[in-house]
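Structure file coords12.txt; described as compact mmCIF, C-alpha atoms and all ligand atoms.
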# COMPACT_ATOMS: atom_id res chain seq x y z
CA MET Q 1 22.04 -152.46 -80.23
CA ILE Q 2 20.01 -152.11 -77.05
CA ASN Q 3 17.33 -149.55 -77.64
CA THR Q 4 17.22 -148.18 -74.12
CA SER Q 5 20.95 -147.81 -73.70
CA TYR Q 6 22.86 -144.55 -73.63
CA LEU Q 7 25.49 -144.41 -76.39
CA TYR Q 8 29.07 -143.34 -75.77
CA VAL Q 9 31.02 -143.00 -79.01
CA ALA Q 10 34.76 -142.42 -78.66
CA ASN Q 11 36.04 -140.73 -81.81
CA TRP Q 12 39.83 -140.96 -81.72
CA LYS Q 13 40.12 -139.13 -85.06
CA MET Q 14 43.76 -139.08 -86.32
CA ASN Q 15 45.23 -138.41 -82.90
CA LEU Q 16 47.03 -141.66 -82.09
CA SER Q 17 49.49 -144.00 -83.77
CA VAL Q 18 48.44 -147.62 -84.29
CA GLN Q 19 50.72 -148.59 -81.41
CA GLU Q 20 49.07 -146.03 -79.14
CA GLU Q 21 45.56 -147.17 -80.09
CA LEU Q 22 46.38 -150.82 -79.47
CA SER Q 23 48.12 -149.99 -76.18
CA PHE Q 24 45.10 -147.96 -75.01
CA ALA Q 25 42.82 -150.89 -75.79
CA ALA Q 26 45.10 -153.48 -74.17
CA LEU Q 27 45.81 -151.40 -71.07
CA HIS Q 28 42.14 -150.61 -70.37
CA TYR Q 29 40.63 -153.79 -71.83
CA ASP Q 30 39.12 -155.18 -68.62
CA LYS Q 31 37.70 -151.83 -67.52
CA LEU Q 32 36.24 -151.09 -70.95
CA VAL Q 33 34.55 -154.49 -71.03
CA ALA Q 34 33.24 -154.01 -67.48
CA LEU Q 35 31.88 -150.54 -68.34
CA ALA Q 36 30.20 -151.87 -71.48
CA ALA Q 37 28.71 -154.86 -69.64
CA ASP Q 38 26.12 -152.57 -68.05
CA PRO Q 39 23.06 -152.86 -70.31
CA SER Q 40 22.14 -149.24 -69.66
CA ARG Q 41 25.01 -148.15 -71.89
CA THR Q 42 26.71 -148.98 -75.17
CA ILE Q 43 30.37 -148.10 -75.69
CA ILE Q 44 31.66 -147.68 -79.23
CA LEU Q 45 35.37 -147.15 -79.87
CA CYS Q 46 36.24 -145.56 -83.23
CA PRO Q 47 39.98 -145.85 -83.86
CA SER Q 48 41.83 -145.14 -87.10
CA PHE Q 49 41.27 -147.54 -89.99
CA LEU Q 50 44.66 -149.15 -89.42
CA SER Q 51 43.72 -150.41 -85.95
CA LEU Q 52 40.16 -151.45 -86.73
CA HIS Q 53 40.78 -155.09 -87.57
CA GLU Q 54 42.96 -155.71 -84.54
CA LEU Q 55 40.48 -154.04 -82.19
CA CYS Q 56 37.58 -156.00 -83.69
CA ILE Q 57 39.48 -159.20 -82.92
CA MET Q 58 40.39 -158.04 -79.40
CA PHE Q 59 36.83 -157.06 -78.49
CA ALA Q 60 34.99 -159.86 -80.31
CA GLN Q 61 32.68 -161.67 -77.86
CA THR Q 62 32.61 -158.61 -75.59
CA PRO Q 63 29.93 -155.90 -75.36
CA VAL Q 64 32.40 -153.23 -76.56
CA VAL Q 65 31.46 -152.19 -80.11
CA ILE Q 66 34.15 -151.16 -82.59
CA GLY Q 67 33.26 -148.51 -85.15
CA ALA Q 68 34.93 -146.82 -88.11
CA GLN Q 69 35.27 -143.07 -88.60
CA ASP Q 70 34.00 -143.18 -92.19
CA CYS Q 71 33.02 -145.53 -95.00
CA SER Q 72 32.67 -145.33 -98.76
CA ASP Q 73 29.42 -144.27 -100.37
CA HIS Q 74 29.94 -147.11 -102.90
CA TYR Q 75 29.30 -150.81 -102.46
CA ALA Q 76 32.53 -152.08 -104.09
CA GLY Q 77 34.66 -151.43 -107.16
CA PRO Q 78 37.32 -149.11 -108.54
CA TYR Q 79 37.35 -146.51 -105.74
CA THR Q 80 41.00 -146.05 -104.87
CA GLY Q 81 41.67 -145.46 -101.21
CA GLN Q 82 38.10 -146.03 -100.04
CA ILE Q 83 36.80 -148.61 -97.58
CA SER Q 84 33.34 -150.07 -98.03
CA ALA Q 85 30.69 -150.62 -95.39
CA GLN Q 86 30.66 -154.30 -96.33
CA ALA Q 87 34.41 -154.60 -95.68
CA LEU Q 88 33.89 -152.98 -92.27
CA HIS Q 89 31.07 -155.36 -91.47
CA ALA Q 90 33.17 -158.33 -92.58
CA ILE Q 91 35.91 -157.62 -90.03
CA GLY Q 92 33.41 -157.20 -87.20
CA CYS Q 93 32.73 -153.47 -87.04
CA GLY Q 94 29.33 -152.61 -85.63
CA ALA Q 95 29.12 -148.90 -86.34
CA VAL Q 96 30.45 -146.10 -88.50
CA ILE Q 97 30.59 -142.32 -88.05
CA ILE Q 98 29.21 -140.58 -91.13
CA GLY Q 99 29.36 -136.96 -92.24
CA HIS Q 100 31.51 -135.72 -89.38
CA LEU Q 101 32.05 -131.97 -89.53
CA GLU Q 102 35.76 -132.48 -90.17
CA ARG Q 103 35.01 -134.69 -93.18
CA ARG Q 104 32.47 -132.20 -94.48
CA ILE Q 105 35.12 -129.45 -94.20
CA TYR Q 106 38.39 -131.17 -95.11
CA ASN Q 107 37.08 -133.87 -97.46
CA CYS Q 108 34.37 -131.78 -99.11
CA GLU Q 109 31.60 -134.22 -98.18
CA THR Q 110 28.20 -133.07 -99.32
CA ASN Q 111 24.78 -133.90 -97.88
CA LYS Q 112 24.33 -136.21 -100.86
CA THR Q 113 27.49 -138.19 -100.09
CA VAL Q 114 26.55 -138.38 -96.42
CA VAL Q 115 23.19 -139.90 -97.29
CA ALA Q 116 24.77 -142.44 -99.68
CA LYS Q 117 27.16 -143.48 -96.91
CA MET Q 118 24.29 -143.82 -94.45
CA HIS Q 119 22.48 -146.01 -96.96
CA ALA Q 120 25.58 -148.20 -97.44
CA ALA Q 121 26.02 -148.59 -93.68
CA LEU Q 122 22.37 -149.50 -93.08
CA GLN Q 123 22.45 -152.09 -95.83
CA GLN Q 124 25.37 -153.81 -94.11
CA GLY Q 125 23.68 -153.75 -90.72
CA LEU Q 126 26.12 -151.20 -89.31
CA LEU Q 127 24.89 -148.49 -86.96
CA PRO Q 128 25.35 -145.21 -88.86
CA ILE Q 129 26.25 -142.35 -86.52
CA VAL Q 130 25.24 -139.49 -88.80
CA CYS Q 131 26.54 -136.07 -87.81
CA VAL Q 132 24.60 -132.87 -88.36
CA GLY Q 133 25.16 -129.37 -87.04
CA GLU Q 134 25.11 -125.72 -87.90
CA SER Q 135 28.18 -123.84 -89.11
CA ALA Q 136 29.49 -121.00 -86.97
CA ALA Q 137 28.35 -118.49 -89.62
CA ASP Q 138 24.80 -119.82 -89.68
CA ALA Q 139 24.70 -119.93 -85.89
CA ALA Q 140 25.76 -116.26 -85.78
CA ALA Q 141 23.11 -115.36 -88.36
CA GLY Q 142 20.41 -117.10 -86.31
CA LYS Q 143 19.99 -119.74 -89.04
CA ALA Q 144 20.97 -122.85 -87.09
CA LEU Q 145 17.71 -124.71 -87.69
CA THR Q 146 17.62 -123.82 -91.39
CA ASN Q 147 21.15 -125.15 -91.78
CA ILE Q 148 20.31 -128.35 -89.91
CA ASP Q 149 17.14 -128.81 -91.95
CA GLU Q 150 19.18 -128.71 -95.15
CA GLN Q 151 21.19 -131.64 -93.80
CA LEU Q 152 18.15 -133.50 -92.46
CA ASN Q 153 16.00 -133.19 -95.58
CA LEU Q 154 17.97 -135.66 -97.68
CA ILE Q 155 18.51 -137.99 -94.71
CA LEU Q 156 14.77 -138.15 -94.08
CA GLN Q 157 13.95 -138.58 -97.73
CA GLU Q 158 16.39 -141.49 -97.98
CA LEU Q 159 15.09 -143.17 -94.83
CA ALA Q 160 11.52 -142.86 -96.01
CA GLU Q 161 12.42 -144.44 -99.35
CA MET Q 162 14.74 -147.20 -98.19
CA PRO Q 163 13.49 -150.66 -98.95
CA SER Q 164 12.45 -152.36 -95.75
CA LEU Q 165 15.46 -153.57 -93.82
CA PRO Q 166 15.44 -156.90 -91.96
CA ASP Q 167 14.84 -155.54 -88.46
CA LYS Q 168 13.94 -152.14 -87.16
CA SER Q 169 17.40 -150.75 -87.94
CA SER Q 170 19.20 -148.45 -85.54
CA ILE Q 171 20.50 -145.02 -86.48
CA ALA Q 172 22.20 -142.41 -84.34
CA ILE Q 173 22.00 -138.76 -85.27
CA ALA Q 174 24.75 -136.76 -83.60
CA TYR Q 175 24.10 -133.07 -83.22
CA GLU Q 176 27.48 -131.33 -83.30
CA PRO Q 177 27.48 -127.54 -83.58
CA ALA Q 178 30.65 -126.38 -85.36
CA SER Q 179 31.30 -123.84 -82.62
CA ALA Q 180 31.69 -126.67 -80.08
CA VAL Q 181 33.67 -129.33 -81.97
CA GLY Q 182 37.27 -129.33 -80.77
CA THR Q 183 36.99 -125.83 -79.29
CA GLY Q 184 36.60 -126.66 -75.59
CA LYS Q 185 33.39 -124.61 -75.62
CA ILE Q 186 30.20 -126.58 -75.16
CA ALA Q 187 26.96 -125.34 -76.69
CA GLU Q 188 24.40 -123.70 -74.37
CA SER Q 189 21.96 -126.21 -72.86
CA ASP Q 190 18.96 -124.16 -74.01
CA HIS Q 191 20.23 -124.18 -77.58
CA ILE Q 192 20.93 -127.93 -77.51
CA GLU Q 193 17.40 -128.55 -76.23
CA VAL Q 194 15.80 -126.44 -78.96
CA VAL Q 195 17.81 -128.07 -81.73
CA LEU Q 196 17.35 -131.63 -80.48
CA ALA Q 197 13.60 -131.08 -80.02
CA HIS Q 198 13.50 -129.85 -83.62
CA ILE Q 199 15.49 -132.84 -84.93
CA ASP Q 200 13.39 -135.24 -82.85
CA ASN Q 201 10.22 -133.75 -84.22
CA ARG Q 202 11.39 -134.08 -87.81
CA LEU Q 203 12.53 -137.66 -87.29
CA LYS Q 204 9.08 -138.71 -86.10
CA ALA Q 205 8.18 -139.18 -89.77
CA VAL Q 206 10.45 -142.25 -89.95
CA SER Q 207 10.59 -143.41 -86.34
CA ARG Q 208 8.10 -146.22 -86.98
CA HIS Q 209 10.67 -148.00 -89.13
CA PHE Q 210 13.91 -147.05 -87.39
CA ASP Q 211 15.23 -146.97 -83.83
CA ILE Q 212 16.75 -143.52 -83.70
CA LYS Q 213 19.02 -142.16 -81.01
CA LEU Q 214 19.97 -138.52 -80.64
CA LEU Q 215 23.50 -137.75 -79.52
CA TYR Q 216 25.28 -134.55 -78.64
CA GLY Q 217 28.90 -133.96 -79.60
CA GLY Q 218 31.31 -131.07 -79.25
CA SER Q 219 33.76 -130.61 -76.36
CA VAL Q 220 32.05 -133.19 -74.15
CA THR Q 221 34.08 -133.66 -70.94
CA ALA Q 222 33.38 -135.22 -67.55
CA ALA Q 223 32.81 -131.73 -66.14
CA HIS Q 224 29.99 -131.10 -68.64
CA THR Q 225 28.23 -134.45 -68.58
CA PRO Q 226 26.10 -134.03 -65.43
CA ASP Q 227 24.40 -130.99 -67.01
CA LEU Q 228 24.17 -132.60 -70.45
CA LYS Q 229 22.63 -135.77 -69.02
CA ARG Q 230 19.79 -133.65 -67.65
CA ILE Q 231 18.74 -132.78 -71.21
CA SER Q 232 16.08 -135.39 -71.80
CA GLN Q 233 16.47 -135.58 -75.60
CA ILE Q 234 20.16 -136.57 -75.36
CA GLN Q 235 20.60 -140.34 -75.59
CA GLY Q 236 24.36 -140.40 -75.89
CA PHE Q 237 27.54 -138.52 -76.72
CA LEU Q 238 30.07 -138.35 -79.52
CA ILE Q 239 33.31 -137.70 -77.67
CA GLY Q 240 36.52 -136.53 -79.34
CA ASN Q 241 39.42 -135.21 -77.26
CA ALA Q 242 38.14 -136.43 -73.90
CA SER Q 243 37.94 -140.01 -75.18
CA LEU Q 244 41.73 -140.13 -75.56
CA ASN Q 245 42.07 -140.16 -71.78
CA PHE Q 246 40.63 -143.31 -70.23
CA THR Q 247 40.04 -141.78 -66.78
CA GLU Q 248 38.08 -138.95 -68.37
CA LEU Q 249 36.13 -141.32 -70.62
CA LYS Q 250 35.24 -143.51 -67.64
CA LYS Q 251 33.95 -140.48 -65.70
CA ILE Q 252 31.80 -139.45 -68.66
CA VAL Q 253 30.35 -142.93 -68.95
CA GLU Q 254 29.69 -143.35 -65.22
P1 LIG Q 301 35.55 -132.95 -79.36
O1 LIG Q 301 35.19 -133.71 -80.70
O2 LIG Q 301 34.90 -133.71 -78.24
O3 LIG Q 301 37.04 -132.98 -79.29
O4 LIG Q 301 34.98 -131.57 -79.49
C1 LIG Q 301 33.88 -134.19 -80.90
C2 LIG Q 301 33.76 -134.70 -82.30
O5 LIG Q 301 34.41 -134.15 -83.18
O6 LIG Q 301 33.05 -135.66 -82.56

This structure in structure tokens:
Amino acid sequence: MINTSYLYVANWKMNLSVQEELSFAALHYDKLVALAADPSRTIILCPSFLSLHELCIMFAQTPVVIGAQDCSDHYAGPYTGQISAQALHAIGCGAVIIGHLERRIYNCETNKTVVAKMHAALQQGLLPIVCVGESAADAAAGKALTNIDEQLNLILQELAEMPSLPDKSSIAIAYEPASAVGTGKIAESDHIEVVLAHIDNRLKAVSRHFDIKLLYGGSVTAAHTPDLKRISQIQGFLIGNASLNFTELKKIVE
């Protein structure tokens, strides 16, 4: 992972069939590779689990990184239906999204599970893209930072205690306010700046041992990116809906 590069993470969620994911990748293969060849950016495609292996093979030996949308919090064993970080690493995945809002809501993921998954990913040399963000209720009550701190506390504790990893490992923290994810409504720039400055400040405690990138996610589109790119703390985007349209994705990246 190139430290100075801007990260673009395409989260396809459960929107496409395997056929559609493979067709997207095949149709736009050359352009995706050309976009990712610029060292100022890193492009990570996160398809469904069923397409991961095929996409890892397709994009092997290219700068396009393939990531998963989740991994198990366990190393291996009797965990029906789960997929381990080591299995992801073995097929060539380079990254994994962890603790996405939709998993916290629909799969009851707790801060504890999120941290265990982050640990598993780091141990396999995967880039964990760890999502944090305030709920709509906490945002309305003016408790956004308190809510985010609850999520960050365990993450920071784990990072501080992790046995030293081979290199300075990379981690991405994606700030995704619930009010912006999948709603078409982007968070206010001022609010994003305050929250990211807060997260950045808290992460300083572990930044000597980890390369940390801060991302913004939630209704990112090409129309919003010029303004978002002016926010100095943002070092990349987690892109849902807009990443399903290659023309839109290309505009965001360029
Ligand atoms: P969205 O999704 O861009 O469709 O809001 C972002 C995300 O869920 O990561």

Can you write out as CSV which residues of chain Q fall within 6 Å of ligand LIG 301 (chain Q), alongside each residue's closest atom pair and its distance in Å to one decimal, counting only C-alpha atoms and all ligand atoms and ordering rows by chain and ascending residue number?
residue,atom,partner,partner_atom,distance
Q:Asn11,CA,Q:LIG301,O6,5.9
Q:Ala180,CA,Q:LIG301,O4,5.9
Q:Val181,CA,Q:LIG301,O4,3.6
Q:Gly182,CA,Q:LIG301,O4,3.4
Q:Gly217,CA,Q:LIG301,C1,5.2
Q:Gly218,CA,Q:LIG301,O4,3.7
Q:Ser219,CA,Q:LIG301,O4,3.5
Q:Val220,CA,Q:LIG301,O2,5.0
Q:Leu238,CA,Q:LIG301,O6,5.0
Q:Ile239,CA,Q:LIG301,O2,4.3
Q:Gly240,CA,Q:LIG301,O1,3.4
Q:Asn241,CA,Q:LIG301,O3,3.8

Point-to-point distance from atom CA of Leu127 of chain Q to atom CA of Asp190 of chain Q, Å rounded to tenths: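 Distance reported for this atom pair: 28.2 Å.
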
Expected answer as an MDAnalysis selection string: all residues with atoms within 12 Å of (20.8, -151.7, -92.4), only C-alpha atoms: chainID Q and resid 85:86 89 94:96 117:128 159 162:171 209:211

For Ile186 of chain Q, the nearest of the candidates Q:Ser84, Q:Ser135, Q:Gln61, Q:Thr225, counting only C-alpha atoms: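 Among Q:Ser84, Q:Ser135, Q:Gln61, Q:Thr225, it is Q:Thr225 that comes nearest to Ile186 of chain Q.
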
Near-Ile129 of chain Q list (7 Å; only C-alpha atoms; drop same-chain fewer than 5 positions) as a VMD selection string: chain Q and resid 96 to 98 171 to 174

Shortest interatomic distance to Gln151 of chain Q - which of Q:Val18, Q:Ala37, Q:Val130, Q:Ala90, counting all atoms listed in the file: Q:Val130

Between atom CA of Ala116 of chain Q and atom CA of Ser48 of chain Q, distance in Å (one decimal):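 Atom CA of Ser48 of chain Q lies at a distance of 21.4 Å from atom CA of Ala116 of chain Q.
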
Polymer residues at most 8 Å from Leu7 of chain Q, only C-alpha atoms, same-chain spacing of 6 or more positions, as number ranges by chain: Q: 41-44, 215, 235-237

Interatomic distance, atom CA of Leu228 of chain Q to atom CA of Val253 of chain Q (Å, one decimal): 12.1 Å

Contacts of Ile231 of chain Q at 8 Å (all atoms listed in the file; same-chain gap of 3+ positions) as a ChimeraX atom specification: /Q:189,193,227-228,234

Contacts of Leu22 of chain Q at 8 Å (only C-alpha atoms; same-chain gap of 4+ positions) as a count of residues only: 5

Just want the 9 Å neighbourhood of segment 221-223 of chain Q, counted on all atoms listed in the file, with same-chain residues fewer than 6 positions away dropped. Output as an mmCIF file with C-alpha atoms, in the frame of the given file.
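As a result, out.cif now contains:
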data_model
loop_
_atom_site.group_PDB
_atom_site.id
_atom_site.type_symbol
_atom_site.label_atom_id
_atom_site.label_comp_id
_atom_site.auth_asym_id
_atom_site.auth_seq_id
_atom_site.Cartn_x
_atom_site.Cartn_y
_atom_site.Cartn_z
ATOM 1 C CA GLY Q 184 36.600 -126.660 -75.590
ATOM 2 C CA ILE Q 239 33.310 -137.700 -77.670
ATOM 3 C CA ASN Q 241 39.420 -135.210 -77.260
ATOM 4 C CA ALA Q 242 38.140 -136.430 -73.900
ATOM 5 C CA SER Q 243 37.940 -140.010 -75.180
ATOM 6 C CA GLU Q 248 38.080 -138.950 -68.370
ATOM 7 C CA LEU Q 249 36.130 -141.320 -70.620
ATOM 8 C CA LYS Q 250 35.240 -143.510 -67.640
ATOM 9 C CA LYS Q 251 33.950 -140.480 -65.700
ATOM 10 C CA ILE Q 252 31.800 -139.450 -68.660
ATOM 11 C CA VAL Q 253 30.350 -142.930 -68.950
#

Nearest to Asn201 of chain Q, chosen from Q:Asp73, Q:Glu254, Q:Asp149, Q:Glu20, with all atoms listed in the file counted in the distances: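 Counting all atoms listed in the file, the residue closest to Asn201 of chain Q is Q:Asp149.
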